[in-house]
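A.B. asks: Provided herewith: structure-v9.cif, mmCIF, C-alpha atoms.
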data_upload
loop_
_atom_site.label_atom_id
_atom_site.label_comp_id
_atom_site.auth_asym_id
_atom_site.auth_seq_id
_atom_site.Cartn_x
_atom_site.Cartn_y
_atom_site.Cartn_z
CA MET S 1 103.79 -12.84 21.77
CA ARG S 2 102.30 -10.57 19.04
CA PRO S 3 102.91 -12.96 16.07
CA ARG S 4 101.32 -15.83 17.96
CA ASP S 5 98.22 -13.74 18.81
CA ALA S 6 97.90 -12.79 15.16
CA ARG S 7 97.95 -16.44 14.14
CA LEU S 8 95.26 -17.23 16.71
CA LYS S 9 92.96 -14.50 15.33
CA MET S 10 93.18 -15.64 11.72
CA PRO S 11 90.59 -18.52 12.04
CA GLU S 12 88.08 -16.14 13.60
CA LEU S 13 88.44 -13.79 10.67
CA ASP S 14 87.90 -16.61 8.22
CA ILE S 15 84.74 -17.66 9.99
CA LEU S 16 83.48 -14.11 9.94
CA LEU S 17 84.18 -13.81 6.22
CA LEU S 18 82.46 -17.14 5.59
CA LEU S 19 79.39 -15.99 7.49
CA LEU S 20 79.33 -12.76 5.54
CA ALA S 21 79.58 -14.72 2.29
CA LEU S 22 76.76 -17.04 3.30
CA LEU S 23 74.65 -14.06 4.31
CA PHE S 24 75.33 -12.41 0.98
CA VAL S 25 74.38 -15.58 -0.92
CA ALA S 26 71.20 -15.90 1.13
CA VAL S 27 70.27 -12.29 0.40
CA VAL S 28 70.95 -12.75 -3.30
CA ILE S 29 68.92 -15.94 -3.43
CA GLY S 30 66.11 -14.35 -1.43
CA ARG S 31 65.94 -11.39 -3.78
CA ASN S 32 66.13 -13.42 -6.97
CA VAL S 33 64.08 -16.49 -6.14
CA ARG S 34 60.39 -15.60 -5.99
CA ILE S 35 57.24 -17.62 -5.32
CA VAL S 36 54.44 -15.92 -7.24
CA PRO S 37 50.85 -16.70 -6.01
CA GLU S 38 47.97 -17.42 -8.37
CA TYR S 39 46.50 -13.91 -8.14
CA GLN S 40 49.78 -12.16 -9.01
CA ARG S 41 52.16 -11.89 -11.94
CA LEU S 42 55.84 -10.88 -12.03
CA VAL S 43 56.93 -8.56 -14.82
CA ILE S 44 60.67 -9.23 -15.35
CA LEU S 45 62.86 -6.40 -16.61
CA ARG S 46 66.38 -7.42 -17.74
CA LEU S 47 68.71 -4.48 -17.90
CA GLY S 48 65.66 -2.23 -18.05
CA ARG S 49 63.84 -4.08 -20.83
CA VAL S 50 60.74 -6.23 -20.28
CA VAL S 51 61.59 -9.80 -21.20
CA ARG S 52 58.59 -11.74 -19.92
CA VAL S 53 55.69 -11.96 -17.51
CA ALA S 54 56.26 -14.83 -15.09
CA GLY S 55 54.03 -16.69 -12.66
CA PRO S 56 52.33 -18.18 -10.92
CA GLY S 57 54.77 -20.53 -9.21
CA LEU S 58 58.55 -20.45 -8.69
CA VAL S 59 60.42 -17.72 -10.59
CA ILE S 60 64.23 -17.33 -10.58
CA LEU S 61 65.79 -14.00 -11.51
CA VAL S 62 69.31 -13.44 -12.73
CA PRO S 63 71.13 -11.61 -9.90
CA PHE S 64 72.04 -7.97 -10.54
CA ILE S 65 70.55 -8.16 -14.05
CA ASP S 66 66.83 -8.94 -13.64
CA ARG S 67 64.32 -6.90 -11.67
CA GLY S 68 60.80 -8.10 -10.97
CA VAL S 69 57.71 -5.92 -10.59
CA VAL S 70 54.75 -7.54 -8.84
CA VAL S 71 51.32 -6.94 -10.40
CA ASP S 72 48.11 -7.91 -8.59
CA LEU S 73 45.39 -9.33 -10.88
CA ARG S 74 42.59 -9.23 -8.34
CA GLU S 75 39.76 -6.74 -8.62
CA GLN S 76 40.53 -3.63 -6.62
CA TYR S 77 38.83 -0.35 -5.87
CA ILE S 78 39.73 3.30 -5.54
CA GLU S 79 37.82 5.48 -3.13
CA VAL S 80 37.34 8.96 -4.56
CA THR S 81 36.61 11.52 -1.87
CA LYS S 82 33.87 14.15 -2.16
CA GLN S 83 34.10 16.25 -5.28
CA THR S 84 32.13 19.48 -5.60
CA CYS S 85 30.42 19.70 -9.01
CA ILE S 86 28.22 22.38 -10.54
CA THR S 87 25.05 21.18 -12.28
CA LYS S 88 23.53 22.64 -15.42
CA ASP S 89 21.19 24.81 -13.34
CA ASN S 90 24.17 26.14 -11.28
CA ALA S 91 23.53 24.09 -8.14
CA PRO S 92 26.63 22.80 -6.29
CA VAL S 93 26.58 19.14 -5.25
CA ASP S 94 29.12 17.00 -3.40
CA ILE S 95 29.63 13.55 -4.88
CA ASP S 96 31.88 10.72 -3.74
CA PHE S 97 32.18 7.38 -5.53
CA LEU S 98 34.13 4.16 -5.90
CA ILE S 99 36.05 2.88 -8.94
CA TYR S 100 36.36 -0.89 -9.34
CA PHE S 101 39.08 -2.17 -11.66
CA ARG S 102 41.39 -5.10 -12.40
CA VAL S 103 44.59 -5.52 -14.39
CA VAL S 104 44.17 -7.50 -17.61
CA ASP S 105 47.64 -6.86 -19.09
CA PRO S 106 50.43 -6.84 -16.45
CA LYS S 107 53.06 -5.68 -18.95
CA LYS S 108 51.12 -2.54 -20.00
CA SER S 109 50.20 -1.72 -16.41
CA VAL S 110 53.93 -1.48 -15.60
CA VAL S 111 55.24 0.09 -18.78
CA GLU S 112 52.42 2.43 -19.91
CA VAL S 113 51.56 4.28 -16.68
CA THR S 114 53.50 5.45 -13.66
CA ASP S 115 50.72 5.73 -11.07
CA PHE S 116 47.50 4.17 -12.24
CA ARG S 117 45.51 5.08 -9.15
CA GLY S 118 46.37 8.74 -9.31
CA ALA S 119 45.73 8.89 -13.05
CA ALA S 120 42.36 7.10 -12.69
CA VAL S 121 41.26 9.48 -9.92
CA GLY S 122 42.22 12.50 -12.01
CA ILE S 123 40.31 11.29 -15.09
CA ALA S 124 37.29 10.25 -12.97
CA THR S 125 36.99 13.66 -11.27
CA THR S 126 37.27 15.65 -14.49
CA THR S 127 34.81 13.34 -16.26
CA LEU S 128 32.40 13.57 -13.32
CA ARG S 129 32.41 17.36 -13.43
CA ALA S 130 31.81 17.30 -17.18
CA VAL S 131 28.92 14.85 -16.92
CA VAL S 132 27.24 16.60 -13.98
CA GLY S 133 27.66 19.98 -15.70
CA ASP S 134 25.36 18.82 -18.51
CA ILE S 135 22.56 17.64 -16.18
CA ASP S 136 20.07 19.51 -13.99
CA LEU S 137 20.06 18.93 -10.25
CA ASP S 138 16.86 16.85 -10.30
CA GLN S 139 18.34 14.58 -12.96
CA VAL S 140 21.60 14.24 -11.02
CA LEU S 141 19.62 12.95 -8.06
CA ALA S 142 17.45 10.69 -10.23
CA LYS S 143 19.95 9.44 -12.84
CA ARG S 144 22.60 7.92 -10.62
CA GLU S 145 22.84 4.79 -12.74
CA TYR S 146 23.26 6.87 -15.88
CA ILE S 147 26.16 8.83 -14.33
CA ASN S 148 27.77 5.58 -13.15
CA GLU S 149 27.62 4.10 -16.64
CA VAL S 150 29.00 7.23 -18.34
CA LEU S 151 31.90 7.40 -15.89
CA ARG S 152 32.67 3.73 -16.37
CA GLU S 153 32.69 4.03 -20.16
CA LYS S 154 34.91 7.14 -20.14
CA LEU S 155 37.37 5.61 -17.68
CA ASP S 156 37.44 2.31 -19.54
CA GLU S 157 38.31 4.07 -22.81
CA VAL S 158 41.34 5.71 -21.18
CA THR S 159 42.54 2.86 -18.99
CA ALA S 160 42.37 0.30 -21.81
CA ARG S 161 45.76 1.51 -23.07
CA TRP S 162 47.17 0.91 -19.60
CA GLY S 163 46.12 -2.73 -19.55
CA VAL S 164 43.46 -2.04 -16.90
CA LYS S 165 39.74 -2.82 -17.13
CA VAL S 166 37.32 -0.59 -15.18
CA THR S 167 34.54 -2.98 -14.18
CA ALA S 168 32.22 -0.58 -12.37
CA VAL S 169 31.78 2.91 -11.00
CA GLU S 170 29.40 3.35 -8.07
CA ILE S 171 28.33 6.75 -6.74
CA ARG S 172 28.14 6.36 -2.99
CA GLU S 173 26.62 9.66 -1.94
CA ILE S 174 25.20 12.81 -3.54
CA ILE S 175 24.79 15.75 -1.18
CA PRO S 176 22.84 18.74 -2.57
CA PRO S 177 22.89 22.20 -0.90
CA ARG S 178 21.09 22.65 2.42
CA ASP S 179 18.25 24.76 1.00
CA VAL S 180 17.70 22.15 -1.68
CA GLN S 181 17.61 19.44 1.00
CA GLU S 182 14.99 21.38 2.97
CA ALA S 183 12.90 21.86 -0.18
CA MET S 184 13.21 18.16 -0.93
CA ILE S 185 12.08 17.28 2.59
CA LYS S 186 9.03 19.53 2.22
CA GLN S 187 8.30 18.06 -1.19
CA MET S 188 8.56 14.53 0.20
CA ALA S 189 6.21 15.43 3.06
CA ALA S 190 3.70 16.93 0.62
CA GLU S 191 4.00 13.86 -1.60
CA ARG S 192 3.37 11.57 1.37
CA ASN S 193 0.29 13.59 2.33
CA ARG S 194 -0.96 13.46 -1.25
CA ARG S 195 -0.44 9.71 -1.39
CA ALA S 196 -2.22 9.30 1.94
CA MET S 197 -5.19 11.32 0.67
CA VAL S 198 -5.24 9.39 -2.59
CA THR S 199 -5.06 6.10 -0.69
CA GLU S 200 -7.89 7.20 1.62
CA ALA S 201 -10.02 8.28 -1.34
CA GLU S 202 -9.31 5.02 -3.11
CA GLY S 203 -10.30 3.14 0.03
CA LYS S 204 -13.57 5.06 0.34
CA ARG S 205 -14.33 4.57 -3.34
CA GLU S 206 -13.58 0.87 -3.08
CA ALA S 207 -15.77 0.60 0.02
CA ALA S 208 -18.64 2.44 -1.72
CA ILE S 209 -18.27 0.19 -4.75
CA ARG S 210 -18.32 -2.90 -2.56
CA VAL S 211 -21.38 -1.64 -0.64
CA ALA S 212 -23.21 -0.84 -3.89
CA GLN S 213 -22.20 -4.19 -5.32
CA GLY S 214 -23.49 -5.90 -2.19
CA GLU S 215 -26.78 -4.02 -2.33
CA LYS S 216 -27.11 -4.83 -6.01
CA GLU S 217 -26.49 -8.51 -5.41
CA SER S 218 -28.92 -8.42 -2.47
CA LEU S 219 -31.64 -6.86 -4.62
CA ILE S 220 -30.94 -9.36 -7.38
CA LEU S 221 -31.19 -12.23 -4.93
CA LYS S 222 -34.35 -10.75 -3.39
CA ALA S 223 -35.97 -10.29 -6.82
CA GLU S 224 -34.92 -13.78 -7.80
CA GLY S 225 -36.40 -15.11 -4.59
CA GLU S 226 -39.65 -13.22 -5.15
CA ARG S 227 -39.80 -14.45 -8.72
CA GLN S 228 -39.24 -18.02 -7.62
CA ALA S 229 -41.86 -17.58 -4.89
CA ALA S 230 -44.35 -16.12 -7.41
CA ILE S 231 -43.64 -19.00 -9.76
CA LEU S 232 -44.15 -21.48 -6.97
CA ARG S 233 -47.38 -19.71 -5.86
CA ALA S 234 -48.67 -19.69 -9.45
CA GLU S 235 -47.77 -23.33 -9.80
CA GLY S 236 -49.55 -24.06 -6.54
CA GLU S 237 -52.63 -22.09 -7.55
CA LYS S 238 -52.59 -23.80 -10.92
CA GLN S 239 -52.38 -27.22 -9.34
CA ALA S 240 -55.09 -26.25 -6.82
CA ALA S 241 -57.37 -24.95 -9.62
CA ILE S 242 -56.79 -28.12 -11.60
CA LEU S 243 -57.57 -30.21 -8.57
CA ARG S 244 -60.70 -28.13 -7.79
CA ALA S 245 -61.87 -28.39 -11.39
CA GLU S 246 -61.25 -32.11 -11.41
CA GLY S 247 -63.12 -32.41 -8.09
CA GLU S 248 -66.05 -30.38 -9.37
CA ALA S 249 -66.12 -32.36 -12.59
CA ALA S 250 -66.11 -35.60 -10.65
CA ALA S 251 -68.88 -34.29 -8.39
CA LEU S 252 -70.95 -33.23 -11.39
CA ARG S 253 -70.45 -36.59 -12.98
CA GLU S 254 -71.63 -38.30 -9.81
CA ILE S 255 -74.59 -35.91 -9.58
CA ASP S 256 -75.42 -36.59 -13.20
CA GLU S 257 -75.21 -40.30 -12.66
CA ALA S 258 -77.41 -40.02 -9.60
CA ALA S 259 -79.85 -37.74 -11.41
CA LYS S 260 -80.35 -40.32 -14.12
CA THR S 261 -81.76 -42.70 -11.55
CA LEU S 262 -84.23 -40.19 -10.06
CA SER S 263 -87.85 -39.73 -11.20
CA SER S 264 -89.40 -36.40 -12.12
CA ALA S 265 -91.43 -36.41 -8.89
CA THR S 266 -88.33 -36.73 -6.81
CA LEU S 267 -86.74 -33.86 -8.69
CA LEU S 268 -89.87 -31.79 -8.25
CA LEU S 269 -89.82 -32.41 -4.53
CA GLN S 270 -86.14 -31.40 -4.49
CA TYR S 271 -87.02 -28.17 -6.33
CA PHE S 272 -89.83 -27.42 -3.88
CA ASN S 273 -87.48 -27.96 -0.99
CA THR S 274 -84.99 -25.59 -2.56
CA LEU S 275 -87.73 -23.03 -3.19
CA ARG S 276 -88.78 -23.24 0.44
CA GLU S 277 -85.20 -22.48 1.50
CA ILE S 278 -85.04 -19.57 -0.94
CA ALA S 279 -88.37 -18.21 0.33
CA SER S 280 -87.11 -18.27 3.91
CA ALA S 281 -84.31 -15.88 2.89
CA PRO S 282 -84.80 -12.13 3.63
CA SER S 283 -84.60 -11.22 -0.05
CA SER S 284 -87.74 -9.72 -1.65
CA LYS S 285 -87.13 -11.38 -5.02
CA ILE S 286 -87.57 -15.09 -5.71
CA ILE S 287 -86.21 -16.64 -8.88
CA VAL S 288 -88.02 -19.78 -10.00
CA PRO S 289 -86.16 -21.97 -12.48
CA LEU S 290 -87.92 -22.79 -15.74
CA GLU S 291 -87.38 -26.48 -15.17
CA VAL S 292 -89.97 -26.37 -12.34
CA PHE S 293 -92.70 -25.59 -14.78
CA LYS S 294 -91.57 -28.37 -17.06
CA LEU S 295 -91.76 -30.75 -14.13
CA LEU S 296 -95.27 -29.52 -13.22
CA ARG S 297 -96.62 -30.17 -16.71
CA PRO S 298 -97.21 -33.90 -16.11
CA PHE S 299 -99.25 -33.02 -13.02
CA GLU S 300 -101.24 -30.49 -15.00
CA GLU S 301 -101.96 -33.08 -17.68
CA HIS S 302 -102.99 -35.57 -15.00
CA LEU S 303 -105.29 -33.00 -13.42
CA GLU S 304 -106.79 -32.20 -16.81
CA LYS S 305 -107.49 -35.87 -17.39
CA LEU S 306 -109.11 -36.11 -13.99
CA SER S 307 -111.23 -33.05 -14.68
CA LYS S 308 -112.33 -34.40 -18.09
CA ALA S 309 -113.24 -37.70 -16.54
CA ALA S 310 -115.32 -35.98 -13.93
CA GLY S 311 -117.06 -33.92 -16.57
CA THR S 312 -118.09 -36.93 -18.58
CA GLU S 313 -119.66 -38.56 -15.61
#
Any chance you could give the structure as structure tokens?

C.D. replies:
Amino acid sequence: MRPRDARLKMPELDILLLLLALLFVAVVIGRNVRIVPEYQRLVILRLGRVVRVAGPGLVILVPFIDRGVVVDLREQYIEVTKQTCITKDNAPVDIDFLIYFRVVDPKKSVVEVTDFRGAAVGIATTTLRAVVGDIDLDQVLAKREYINEVLREKLDEVTARWGVKVTAVEIREIIPPRDVQEAMIKQMAAERNRRAMVTEAEGKREAAIRVAQGEKESLILKAEGERQAAILRAEGEKQAAILRAEGEAAALREIDEAAKTLSSATLLLQYFNTLREIASAPSSKIIVPLEVFKLLRPFEEHLEKLSKAAGTE
């Protein structure tokens, strides 16, 4: 019975060995056949030596000989926690920032540095302390862009040999001491009050200027109106005087024409009538025109002739 049972178990053992072989082949293929996406590269080391940088696409490694190291080419960031720095005027400040970088040379990023993130954080913190130590507290708070640029340049100089490009460094928060914060709050309140007073004064000055400008324009318009009115009145008086003069001249011409047709007796009667009206006035003086005597001369001559004729008779 035992030999027969052993023969029956032999096919099961073969199947088990076949499954183990298939599993081993699948594992080997899975470990040595890689699909590299567009944003990654595969640095292939053959027996410990870099032979090539593969990808993107399908990459086949030689089993037990090749080893692939995946390198991400996308832009990444490192978050640096708060670092306490001492400024030039001995004021402690807490600063945290972000480092943005991307791999430009996958081979150097694998061969030249063990832990890029740790090395970058170490260089960034030491550089930050050196930069902040040369600046006063007010400048640290005001020159954030300057500190960002200096950190980026210093990091980029070091990480260039690692095949990594530092694209930006952004300070996220600067926290000065509490007493400095309180002084800053008071300063900001005073500055707001000053700006409010300046704005109010500017508003009053602008209003006064506008009122004065309005009064000036009003006076100008009033004077212009008065000048135009005076001009119009003068023009009217001028036209009226011209018309009166023309009317008087026309009347005199008509009187003159009428006077030419009158006899001396008629004129003398008109003078006597006028003298009667003058004599009826309450005035004690009577002015007799010389022309009256000229008009009486013909009557005197006629009376003389009559008297001479009477004398001869």

A.B. asks: Could you list, as number ranges by chain, every residue matched by the PyMOL selection byres ((chain S and resi 53) around 9) in this structure?

C.D. replies: S: 41-44, 50-52, 54-55, 106-107

A.B. asks: Can you translate the PyMOL selection byres ((chain S and resi 141) around 12) into the concrete residues it hits in this file, as a list in words?

C.D. replies: Thr87, Ala91, Val93, Asp94, Ile95, Val132, Ile135, Asp136, Leu137, Asp138, Gln139, Val140, Ala142, Lys143, Arg144, Glu145, Tyr146, Ile147, Ile171, Arg172, Glu173, Ile174, Ile175, Pro176, Val180, Gln181 and Met184 of chain S

A.B. asks: Taking the file above as input, evaluate the PyMOL selection byres ((chain S and resi 103) around 12) and report the hits as a PyMOL selection string.

C.D. replies: chain S and resi 39-41+70-77+100-102+104-110+116-117+156+159-167

A.B. asks: Report the distance between CA of Ala120 (chain S) and CA of Ile99 (chain S) in Å, rounded to one decimal place.

C.D. replies: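 Going from CA of Ala120 (chain S) over to CA of Ile99 (chain S) covers 8.5 Å.
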
A.B. asks: What does the structure give for the distance between CA of Val169 (chain S) and CA of Phe97 (chain S), in Å to one decimal?

C.D. replies: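 Value for the CA of Val169 (chain S)-CA of Phe97 (chain S) distance: 7.1 Å.
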
A.B. asks: CA of Val62 (chain S) to CA of Arg46 (chain S): how many Å, to one decimal?

C.D. replies: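 Atom-to-atom, CA of Val62 (chain S) and CA of Arg46 (chain S) are spaced 8.4 Å apart.
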
A.B. asks: Please write as a ChimeraX atom specification the list of polymer residues whose atoms come within 10 Å of (31.5, 14.8, -15.0), counting all atoms listed in the file and keeping to the coordinates of the file.

C.D. replies: /S:85-87,123-135,147,150-151,154

A.B. asks: Save the residues we just selected, C-alpha atoms, as a CSV table (one decimal), in the coordinates of the input?

C.D. replies:
chain,number,residue,atom,x,y,z
S,85,CYS,CA,30.4,19.7,-9.0
S,86,ILE,CA,28.2,22.4,-10.5
S,87,THR,CA,25.0,21.2,-12.3
S,123,ILE,CA,40.3,11.3,-15.1
S,124,ALA,CA,37.3,10.2,-13.0
S,125,THR,CA,37.0,13.7,-11.3
S,126,THR,CA,37.3,15.6,-14.5
S,127,THR,CA,34.8,13.3,-16.3
S,128,LEU,CA,32.4,13.6,-13.3
S,129,ARG,CA,32.4,17.4,-13.4
S,130,ALA,CA,31.8,17.3,-17.2
S,131,VAL,CA,28.9,14.8,-16.9
S,132,VAL,CA,27.2,16.6,-14.0
S,133,GLY,CA,27.7,20.0,-15.7
S,134,ASP,CA,25.4,18.8,-18.5
S,135,ILE,CA,22.6,17.6,-16.2
S,147,ILE,CA,26.2,8.8,-14.3
S,150,VAL,CA,29.0,7.2,-18.3
S,151,LEU,CA,31.9,7.4,-15.9
S,154,LYS,CA,34.9,7.1,-20.1

A.B. asks: Can you sort out the box for region 158-176 of chain S, edges along x, y and z, all listed atoms in, 8 Å on every side, with centre and edge lengths in Å to one decimal, as lines of an AutoDock Vina configuration file?

C.D. replies:
center_x = 35.0
center_y = 7.9
center_z = -12.1
size_x = 40.3
size_y = 37.7
size_z = 37.9

A.B. asks: Please rebuild region 15-37 of chain S with N, CA and C atoms and give the result as a PDB file, in the coordinates of the input.

C.D. replies:
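Below you can see out.pdb, which holds the result:
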ATOM      1  N   ILE S  15      86.138 -17.299   9.685  1.00  0.00           N
ATOM      2  CA  ILE S  15      84.740 -17.660   9.990  1.00  0.00           C
ATOM      3  C   ILE S  15      83.814 -16.484   9.748  1.00  0.00           C
ATOM      4  N   LEU S  16      84.304 -15.300  10.137  1.00  0.00           N
ATOM      5  CA  LEU S  16      83.480 -14.110   9.940  1.00  0.00           C
ATOM      6  C   LEU S  16      83.253 -13.850   8.454  1.00  0.00           C
ATOM      7  N   LEU S  17      84.313 -14.003   7.669  1.00  0.00           N
ATOM      8  CA  LEU S  17      84.180 -13.810   6.220  1.00  0.00           C
ATOM      9  C   LEU S  17      83.253 -14.849   5.610  1.00  0.00           C
ATOM     10  N   LEU S  18      83.341 -16.094   6.096  1.00  0.00           N
ATOM     11  CA  LEU S  18      82.460 -17.140   5.590  1.00  0.00           C
ATOM     12  C   LEU S  18      81.005 -16.840   5.911  1.00  0.00           C
ATOM     13  N   LEU S  19      80.783 -16.338   7.112  1.00  0.00           N
ATOM     14  CA  LEU S  19      79.390 -15.990   7.490  1.00  0.00           C
ATOM     15  C   LEU S  19      78.857 -14.853   6.638  1.00  0.00           C
ATOM     16  N   LEU S  20      79.747 -13.868   6.401  1.00  0.00           N
ATOM     17  CA  LEU S  20      79.330 -12.760   5.540  1.00  0.00           C
ATOM     18  C   LEU S  20      79.026 -13.239   4.121  1.00  0.00           C
ATOM     19  N   ALA S  21      79.818 -14.183   3.633  1.00  0.00           N
ATOM     20  CA  ALA S  21      79.580 -14.720   2.290  1.00  0.00           C
ATOM     21  C   ALA S  21      78.267 -15.484   2.240  1.00  0.00           C
ATOM     22  N   LEU S  22      78.025 -16.294   3.263  1.00  0.00           N
ATOM     23  CA  LEU S  22      76.760 -17.040   3.300  1.00  0.00           C
ATOM     24  C   LEU S  22      75.564 -16.097   3.388  1.00  0.00           C
ATOM     25  N   LEU S  23      75.738 -15.027   4.201  1.00  0.00           N
ATOM     26  CA  LEU S  23      74.650 -14.060   4.310  1.00  0.00           C
ATOM     27  C   LEU S  23      74.404 -13.380   2.965  1.00  0.00           C
ATOM     28  N   PHE S  24      75.467 -13.047   2.281  1.00  0.00           N
ATOM     29  CA  PHE S  24      75.330 -12.410   0.980  1.00  0.00           C
ATOM     30  C   PHE S  24      74.640 -13.337  -0.019  1.00  0.00           C
ATOM     31  N   VAL S  25      75.024 -14.603  -0.008  1.00  0.00           N
ATOM     32  CA  VAL S  25      74.380 -15.580  -0.920  1.00  0.00           C
ATOM     33  C   VAL S  25      72.897 -15.721  -0.576  1.00  0.00           C
ATOM     34  N   ALA S  26      72.605 -15.758   0.717  1.00  0.00           N
ATOM     35  CA  ALA S  26      71.200 -15.900   1.130  1.00  0.00           C
ATOM     36  C   ALA S  26      70.391 -14.680   0.680  1.00  0.00           C
ATOM     37  N   VAL S  27      70.978 -13.498   0.834  1.00  0.00           N
ATOM     38  CA  VAL S  27      70.270 -12.290   0.400  1.00  0.00           C
ATOM     39  C   VAL S  27      70.037 -12.313  -1.095  1.00  0.00           C
ATOM     40  N   VAL S  28      71.069 -12.701  -1.836  1.00  0.00           N
ATOM     41  CA  VAL S  28      70.950 -12.750  -3.300  1.00  0.00           C
ATOM     42  C   VAL S  28      69.880 -13.752  -3.709  1.00  0.00           C
ATOM     43  N   ILE S  29      69.939 -14.923  -3.084  1.00  0.00           N
ATOM     44  CA  ILE S  29      68.920 -15.940  -3.430  1.00  0.00           C
ATOM     45  C   ILE S  29      67.536 -15.457  -3.043  1.00  0.00           C
ATOM     46  N   GLY S  30      67.413 -14.838  -1.869  1.00  0.00           N
ATOM     47  CA  GLY S  30      66.110 -14.350  -1.430  1.00  0.00           C
ATOM     48  C   GLY S  30      65.533 -13.285  -2.348  1.00  0.00           C
ATOM     49  N   ARG S  31      66.407 -12.450  -2.914  1.00  0.00           N
ATOM     50  CA  ARG S  31      65.940 -11.390  -3.780  1.00  0.00           C
ATOM     51  C   ARG S  31      65.665 -11.873  -5.195  1.00  0.00           C
ATOM     52  N   ASN S  32      66.230 -12.984  -5.576  1.00  0.00           N
ATOM     53  CA  ASN S  32      66.130 -13.420  -6.970  1.00  0.00           C
ATOM     54  C   ASN S  32      65.361 -14.728  -7.141  1.00  0.00           C
ATOM     55  N   VAL S  33      64.936 -15.301  -6.069  1.00  0.00           N
ATOM     56  CA  VAL S  33      64.080 -16.490  -6.140  1.00  0.00           C
ATOM     57  C   VAL S  33      62.713 -16.091  -5.553  1.00  0.00           C
ATOM     58  N   ARG S  34      61.718 -16.067  -6.404  1.00  0.00           N
ATOM     59  CA  ARG S  34      60.390 -15.600  -5.990  1.00  0.00           C
ATOM     60  C   ARG S  34      59.367 -16.733  -6.128  1.00  0.00           C
ATOM     61  N   ILE S  35      58.417 -16.732  -5.214  1.00  0.00           N
ATOM     62  CA  ILE S  35      57.240 -17.620  -5.320  1.00  0.00           C
ATOM     63  C   ILE S  35      56.031 -16.716  -5.588  1.00  0.00           C
ATOM     64  N   VAL S  36      55.521 -16.795  -6.813  1.00  0.00           N
ATOM     65  CA  VAL S  36      54.440 -15.920  -7.240  1.00  0.00           C
ATOM     66  C   VAL S  36      53.108 -16.637  -7.027  1.00  0.00           C
ATOM     67  N   PRO S  37      52.164 -16.058  -6.217  1.00  0.00           N
ATOM     68  CA  PRO S  37      50.850 -16.700  -6.010  1.00  0.00           C
ATOM     69  C   PRO S  37      49.970 -16.609  -7.258  1.00  0.00           C
TER      70      PRO S  37
END
